[in-house]
Protein chains: 2
Amino acid sequence: MTDRQRLKELGQQLRVDAVRAADAAGSGHPTSSMSAADLMAVLASEHLRYDFDSPEHAGNDHLIFSKGHASPLLYALYKACGVISDPELLRYRKLGSPLEGHPTPRLPWVDVATGSLGQGLPIGAGVALAGASVERLPYRVWVLCGDSELAEGSVWEALEYAGQAGLANLTAILDINRLGQRGPTRHGWDLDAYRRRVEAFGWHTVEVDGHDVEQIDAAYSEAARTTDRPTAVIARTVKGAGVEAVADQEGAHGKPLSDAEQAVAELGGRRDMRIEVAAPTSGGVRQRPGGAPVDLPTFAKGEEAATRDAFGQAVAAVGTAREDVVVLVGEVADSTRAKSFAAEHPDRFFEFYIAEQQMIAAAVGLQVRGLTPYAATFAAFLTRAYDFIRMAAVSRADINLVGSHAGVSIGEDGPSQMGLEDIAALRAVHGSVVLHPSDANSAARLTAGMAEHNGVSYLRTLRGKTPVLYGPEEGFRIGGSKVLRSSAEDRVAVVAAGATVHEALAAADALAGEGVAVRVVDAYSVKPVDAATLRTAAEETGRIVTVEDHWPEGGLGDAVLDVFADTRSRPRTMKLAVSGMPASATPEEQLREAGIDAGAIEAAVRGILRQDEAPAAAGS
Amino acid sequence: MTDRQRLKELGQQLRVDAVRAADAAGSGHPTSSMSAADLMAVLASEHLRYDFDSPEHAGNDHLIFSKGHASPLLYALYKACGVISDPELLRYRKLGSPLEGHPTPRLPWVDVATGSLGQGLPIGAGVALAGASVERLPYRVWVLCGDSELAEGSVWEALEYAGQAGLANLTAILDINRLGQRGPTRHGWDLDAYRRRVEAFGWHTVEVDGHDVEQIDAAYSEAARTTDRPTAVIARTVKGAGVEAVADQEGAHGKPLSDAEQAVAELGGRRDMRIEVAAPTSGGVRQRPGGAPVDLPTFAKGEEAATRDAFGQAVAAVGTAREDVVVLVGEVADSTRAKSFAAEHPDRFFEFYIAEQQMIAAAVGLQVRGLTPYAATFAAFLTRAYDFIRMAAVSRADINLVGSHAGVSIGEDGPSQMGLEDIAALRAVHGSVVLHPSDANSAARLTAGMAEHNGVSYLRTLRGKTPVLYGPEEGFRIGGSKVLRSSAEDRVAVVAAGATVHEALAAADALAGEGVAVRVVDAYSVKPVDAATLRTAAEETGRIVTVEDHWPEGGLGDAVLDVFADTRSRPRTMKLAVSGMPASATPEEQLREAGIDAGAIEAAVRGILRQDEAPAAAGS
């Protein structure tokens, strides 16, 4: 068999197995798999370098299916590589099978979850960045993209980023099969439309017939030879290629073939060819570097400092202790104070300009390589990348997010710049941690703590300065809280975080002058929230007022209410949050207008105490 | 004075007033305003058509400051147009002033809020779409963009969309001032880098010196003459132009000039020139068309139908009754069933391919023109446009969002396709409505109800079929609920929405067989939630189990807990939600694995009853 014949046969085998997997599952995307089968056959046979026995091998290439719905093709490829069996393939999409409808890292050879289109290429750019600029290893990153997903702006953020960064180790394989979910794509088979756009963004391009194995092979070789910029292989393909009933047909997306048996026959029947993937040429098994003790910045009690400043100095210190720490920003290194890291570790600091999706995607890509990323922007603008954060959880990614300019306390800039939904959004990410410190020392400690924690961790920082409340020796743990005012006479517990902690302290002091003892809890860990401390506070005071610089939905107040969901005799609670749309005003005016300042807390405490005194309300 | 002199003087006036406004405020972005002053002076004087006495005039052009931080320039322009006074200008960013730090529609001439960069151009494309394809009116849309924001993928979604749609009524004015928030932009003054990219996306381009009023004037004329595609005026400008201390200087972003008085003198002092903006040539005051009665689809009780199907048929019916209804999709018209509308009203159906940010932005743009948009995609993929949804609320926009494929009940496709955080995210949008019907008739009614409601409304639909529970005559209101099982003996109330309503009914029936009477509440309106019905249920049963196909944070359970926040004697509650990361499985298996199926509800009911019986727990 000539090489050409072998590769064509291999492509057919991948098609056959993709058709069989979807048929066994009763769902899936065989036609989207069939268009890219030859592209993957040639890649795995001739160009990929990967040690399947050692997915952690530092020299392994990375293959990312940005078009994650082509999972039958990926699994067919894994079968051809000898790492999954035919029975395993046929358990595709079944309960308990790691061969999910869209790939996830439950399989050790899958770096990241895909299935939300337009994410694989930006993440791949992050992996390529690690190789080119941090690890300086010669592995290559291959990303298979569908044509439909090229409509996503995130893809163009990636093309712009990788083009300017000159990531020659990144190859995008564009499977231009002309048909999307419900009909023709925007540009159909106008390969030149893609070429013009991609080249304008600084990439090298090669157009190929995506079913001509020699052209494909030559294109990959050309990509490898192109050392100054990334390459896009723009492949004209046929969706459902190889089976006449579905080839280039509308209405055949996302469903098994109606006659799989006939299709397998038409494709030449089952085969059991094995791909011998070449081993990587360099690098051993990747290891997380051991960390030295972190010399965190400290702040004197009573001093005023912004938590964003503390974050900046702390992440710089963590970066000094740990070489795996990298920092990513979206043109707001100044506002977020990530610039402190840039000053000390410029080689591990990455600017993504105002492209938050690419920034988060790159963080996911960098952690694929074992690095520990912190990605910082305004809390409000993390919403721009919410789908990427959601998917990071599906990817089981370890990323640290930092959102500055929390809430109305930023002042004059107005609601577009205020993070007011960020706690709700980030709490609703699987396995996430949400931290919102009120002073510089706690912010510094928690910044360091995030590096030790797996999953998606989020630190919410303040624009303005706040008094330092804690000594530098004080510990802060994820899931903890601090009781700042406490006595046996406490009649109400005020639970706050961030800016509102200081308002709560002022209110408690004022109320103490009136003879009303109030407990103050700094719930700096909003998720997980410190249930034990809150339960004690509830038992001892009977009443809880929560106060947060955030919309009323999904924030600190809801986290506290959740603690008391399953007990009948709960504290009377009152939730203070931002309920009206803010405008411009000074920070002090904003807190007052939003009803979350000391005065509002005092009124709430008096109100909740009155409720218990009012006979009509007693039984309600 | 020659025209040239007059325009140059006008530009200086705008600079002077921008400097004064920021100086009076003590914050703001004067230098970002100064770069674009000449661009705006020429536009308003020579090309804009706008009746400031009648912002609702149908023939008015639209001017959108995508770089919303240049608000001092916009307000200086309004002053020159005679619609705000100098004292009003100097109340910029002050409490109560509608001249906010970033523009919002609190000013009648502002269409949409900006300040989250990269949104103005996609929204402008939506406004231009309304003029070109729905209203067929000759107004023009002018969007002022900064260079930094061109890094946002959403801008490239807009360039692609408008380029392909040939929106010749749209002109993007790119203020290439070379400096971003913290230093040089990616491409600096390489105008050609922008030109290549923008042209590749099908736009006409004109490069100009952004301080040469004649070049600017000629470029706008060229834009107006270009009738087959949109035009980008790529203007080389100087940030802080006109004042040597800040001109083209780093470190001068986002702050008042240190010596405003000197700067005003350097700019030639205060002026009081008035711009006579030309009136529109056509169109009267826009009026919302009156709606005919809606002939909604009906479904027979006991029949099985998917709520997504009901949405599709209902929105088509609403579109028949109301000509202002438009539907937008992101290549999932099939999955979301928006295709039913496309079949009946193809001229009001718009395909954005897989570009959710542009889709939502276009919805915002279309409602600027008084149209009533429904934008539909998978619930999971609305997260891609979360920043646009957040900002839509700041824009006081009336948009209807539809998210299909809610929760684990979708089955095999896996977590990437499951909307599991959408309720949390959408509840945390100011003034939003969140609806999650369980049957086809309620879905149809609520689809129609959304059109009557102002603000951001969200309908969450199901992939799978569910039994029809309600007769077609039944009414469903925003803020309502339905009690599906009720008796005087009820010991627990199960509160559900969407798929879990059917699980709750099955559980109630099973428990009834054991002699345990359970109330079932269909909380189809998750925000606002029906507090009155929930309070009655709590009083009458003493125990509430919530069950939702969503993460535990920020969803239905939290909405219910919030109802009981401020009363001491609350029902014992238990929250069932999806807590583990799902994988692939059948819908039935998914509900079981997630612990939200009938069996889990039965166990929860038994458990909550046992808690009351256990002496140890009684006092907790």
# chains A, B, ... in the order shown; residues from 1 in each chain; ligands from 1
>>> select_by_dssp(residues="segment 39-231 of chain B", states="strand (DSSP E or B)", output="list in words")
Arg49, His57, His62, Leu63, Ile64, Phe65, Val141, Trp142, Val143, Leu144, Cys145, Gly146, Leu170, Thr171, Ala172, Ile173, Leu174, Asp175, Ile176, Leu179, Pro184, His204, Thr205, Val206, Glu207, Val208, Asp209 and Thr231 of chain B
>>> residues_around(residues="Ala300 of chain B", least_positions_apart="5", cutoff="8 Å", atoms="only C-alpha atoms", output="number ranges by chain")
B: 468, 471-472
>>> write_last_selection(atoms="all heavy atoms", output="PDB file, in the first residue's frame")
ATOM      1  N   VAL B 468     -48.610  18.460  28.203  1.00  0.00           N
ATOM      2  CA  VAL B 468     -49.320  19.728  28.333  1.00  0.00           C
ATOM      3  C   VAL B 468     -50.157  19.675  29.611  1.00  0.00           C
ATOM      4  O   VAL B 468     -50.965  18.753  29.808  1.00  0.00           O
ATOM      5  CB  VAL B 468     -50.206  19.991  27.096  1.00  0.00           C
ATOM      6  CG1 VAL B 468     -51.023  21.265  27.289  1.00  0.00           C
ATOM      7  CG2 VAL B 468     -49.331  20.081  25.851  1.00  0.00           C
ATOM      8  N   GLY B 471     -54.870  24.131  30.121  1.00  0.00           N
ATOM      9  CA  GLY B 471     -55.722  24.371  28.978  1.00  0.00           C
ATOM     10  C   GLY B 471     -55.311  25.648  28.273  1.00  0.00           C
ATOM     11  O   GLY B 471     -54.663  26.518  28.865  1.00  0.00           O
ATOM     12  N   PRO B 472     -55.679  25.757  27.014  1.00  0.00           N
ATOM     13  CA  PRO B 472     -55.280  26.938  26.253  1.00  0.00           C
ATOM     14  C   PRO B 472     -55.922  28.226  26.761  1.00  0.00           C
ATOM     15  O   PRO B 472     -55.460  29.319  26.425  1.00  0.00           O
ATOM     16  CB  PRO B 472     -55.742  26.625  24.824  1.00  0.00           C
ATOM     17  CG  PRO B 472     -56.564  25.401  24.889  1.00  0.00           C
ATOM     18  CD  PRO B 472     -56.400  24.753  26.216  1.00  0.00           C
TER      19      PRO B 472
END
>>> closest_atom_pairs(of="chain A", to="chain B", cutoff="6 Å", atoms="only C-alpha atoms", output="Markdown table")
| residue | atom | partner | partner_atom | distance |
| --- | --- | --- | --- | --- |
| A:Arg93 | CA | B:Ser584 | CA | 5.0 |
| A:Lys94 | CA | B:Ala585 | CA | 5.2 |
| A:Leu95 | CA | B:Ala585 | CA | 4.4 |
| A:Glu100 | CA | B:Ser584 | CA | 5.2 |
| A:Gly101 | CA | B:Asp413 | CA | 4.6 |
| A:Gly115 | CA | B:Ser416 | CA | 5.4 |
| A:Ser116 | CA | B:Ser416 | CA | 6.0 |
| A:Ala151 | CA | B:Ile354 | CA | 5.4 |
| A:Glu152 | CA | B:Ala355 | CA | 4.8 |
| A:Gly153 | CA | B:Gly153 | CA | 3.7 |
| A:Ser154 | CA | B:Gly153 | CA | 5.1 |
| A:Trp156 | CA | B:Gly153 | CA | 5.8 |
| A:Glu157 | CA | B:Gly153 | CA | 5.2 |
| A:Arg196 | CA | B:Ala200 | CA | 5.6 |
| A:Arg197 | CA | B:Ala200 | CA | 5.1 |
| A:Ala200 | CA | B:Arg197 | CA | 5.1 |
| A:Ile354 | CA | B:Ala151 | CA | 5.4 |
| A:Ala355 | CA | B:Glu152 | CA | 4.8 |
| A:Thr383 | CA | B:Asp387 | CA | 4.8 |
| A:Arg384 | CA | B:Asp387 | CA | 4.8 |
| A:Tyr386 | CA | B:Thr383 | CA | 5.6 |
| A:Asp387 | CA | B:Arg384 | CA | 4.8 |
| A:Glu412 | CA | B:Arg93 | CA | 5.7 |
| A:Asp413 | CA | B:Gly101 | CA | 4.6 |
| A:Gly414 | CA | B:Gly101 | CA | 5.6 |
| A:Ser416 | CA | B:Gly115 | CA | 5.4 |
| A:Glu421 | CA | B:Ala428 | CA | 5.5 |
| A:Ala425 | CA | B:Ala425 | CA | 5.3 |
| A:Ala428 | CA | B:Glu553 | CA | 5.2 |
| A:Glu553 | CA | B:Ala428 | CA | 5.2 |
| A:Gly554 | CA | B:Gly554 | CA | 4.3 |
| A:Ala565 | CA | B:Thr573 | CA | 5.2 |
| A:Asp566 | CA | B:Thr573 | CA | 5.0 |
| A:Thr567 | CA | B:Arg572 | CA | 5.6 |
| A:Arg568 | CA | B:Arg572 | CA | 4.5 |
| A:Arg572 | CA | B:Arg568 | CA | 4.5 |
| A:Thr573 | CA | B:Asp566 | CA | 4.9 |
| A:Met574 | CA | B:Asp566 | CA | 5.5 |
| A:Ser584 | CA | B:Arg93 | CA | 5.0 |
| A:Ala585 | CA | B:Leu95 | CA | 4.4 |
| A:Ser620 | CA | B:Thr567 | CA | 5.9 |
>>> closest_residue(among="A:Ala70, A:Val326, A:Leu446, A:Leu371", to="Cys145 of chain A", atoms="only C-alpha atoms")
A:Ala70
>>> closest_residue(among="A:Val605, A:Leu556, A:Ala24, A:Ala130", to="Thr541 of chain A", atoms="only C-alpha atoms")
A:Val605
>>> atom_distance(atom1="atom CA of Thr31 of chain A", atom2="atom CA of Ser221 of chain A")
27.0 Å
>>> closest_residue(among="A:Tyr524, A:Tyr458, A:Phe378, A:Phe476", to="Ala496 of chain A", atoms="only C-alpha atoms")
A:Tyr524
>>> closest_residue(among="A:Pro297, A:Gly480, A:Gly163, A:Pro72", to="Thr231 of chain A", atoms="only C-alpha atoms")
A:Gly163
>>> residues_around(residues="Arg592 of chain A", least_positions_apart="6", cutoff="10 Å", atoms="only C-alpha atoms", output="ChimeraX atom specification")
/A:408-409,586,598-600
>>> write_last_selection(atoms="N, CA, C and O atoms", output="mmCIF file, in the first residue's frame")
data_model
loop_
_atom_site.group_PDB
_atom_site.id
_atom_site.type_symbol
_atom_site.label_atom_id
_atom_site.label_comp_id
_atom_site.auth_asym_id
_atom_site.auth_seq_id
_atom_site.Cartn_x
_atom_site.Cartn_y
_atom_site.Cartn_z
ATOM 1 N N VAL A 408 -20.790 49.807 43.194
ATOM 2 C CA VAL A 408 -21.027 51.249 43.084
ATOM 3 C C VAL A 408 -19.922 52.045 43.751
ATOM 4 O O VAL A 408 -19.773 53.243 43.471
ATOM 5 N N SER A 409 -19.139 51.404 44.592
ATOM 6 C CA SER A 409 -18.127 52.150 45.341
ATOM 7 C C SER A 409 -17.051 52.735 44.430
ATOM 8 O O SER A 409 -16.235 53.526 44.879
ATOM 9 N N THR A 586 -20.075 60.481 43.739
ATOM 10 C CA THR A 586 -18.871 60.104 44.476
ATOM 11 C C THR A 586 -19.088 58.732 45.111
ATOM 12 O O THR A 586 -20.236 58.300 45.285
ATOM 13 N N ALA A 598 -23.331 53.071 55.943
ATOM 14 C CA ALA A 598 -23.501 52.899 57.390
ATOM 15 C C ALA A 598 -24.895 53.324 57.834
ATOM 16 O O ALA A 598 -25.537 52.650 58.643
ATOM 17 N N GLY A 599 -25.372 54.424 57.303
ATOM 18 C CA GLY A 599 -26.692 54.910 57.686
ATOM 19 C C GLY A 599 -27.777 53.899 57.345
ATOM 20 O O GLY A 599 -28.699 53.652 58.140
ATOM 21 N N ALA A 600 -27.677 53.307 56.179
ATOM 22 C CA ALA A 600 -28.675 52.317 55.773
ATOM 23 C C ALA A 600 -28.595 51.078 56.659
ATOM 24 O O ALA A 600 -29.616 50.465 56.995
#
>>> select_by_dssp(residues="segment 160-395 of chain B", states="alpha helix (DSSP H)", output="MDAnalysis selection string")
chainID B and resid 160:165 191:200 213:225 260:266 307:321 333:336 339:344 356:368 386:394
>>> atom_distance(atom1="atom CA of Tyr139 of chain B", atom2="atom CA of Leu107 of chain B")
20.2 Å
>>> residues_around(residues="segment 455-457 of chain A", least_positions_apart="6", cutoff="7 Å", atoms="only C-alpha atoms", output="list in words")
Ala393, Arg396, Ala397, Asp398, Ile399, Asn400, Leu401, Gly431, Ser432, Val433 and Val434 of chain A
>>> residues_around(residues="Gly82 of chain B", least_positions_apart="4", cutoff="9 Å", atoms="only C-alpha atoms", output="ChimeraX atom specification")
/B:52,77-78,274-276
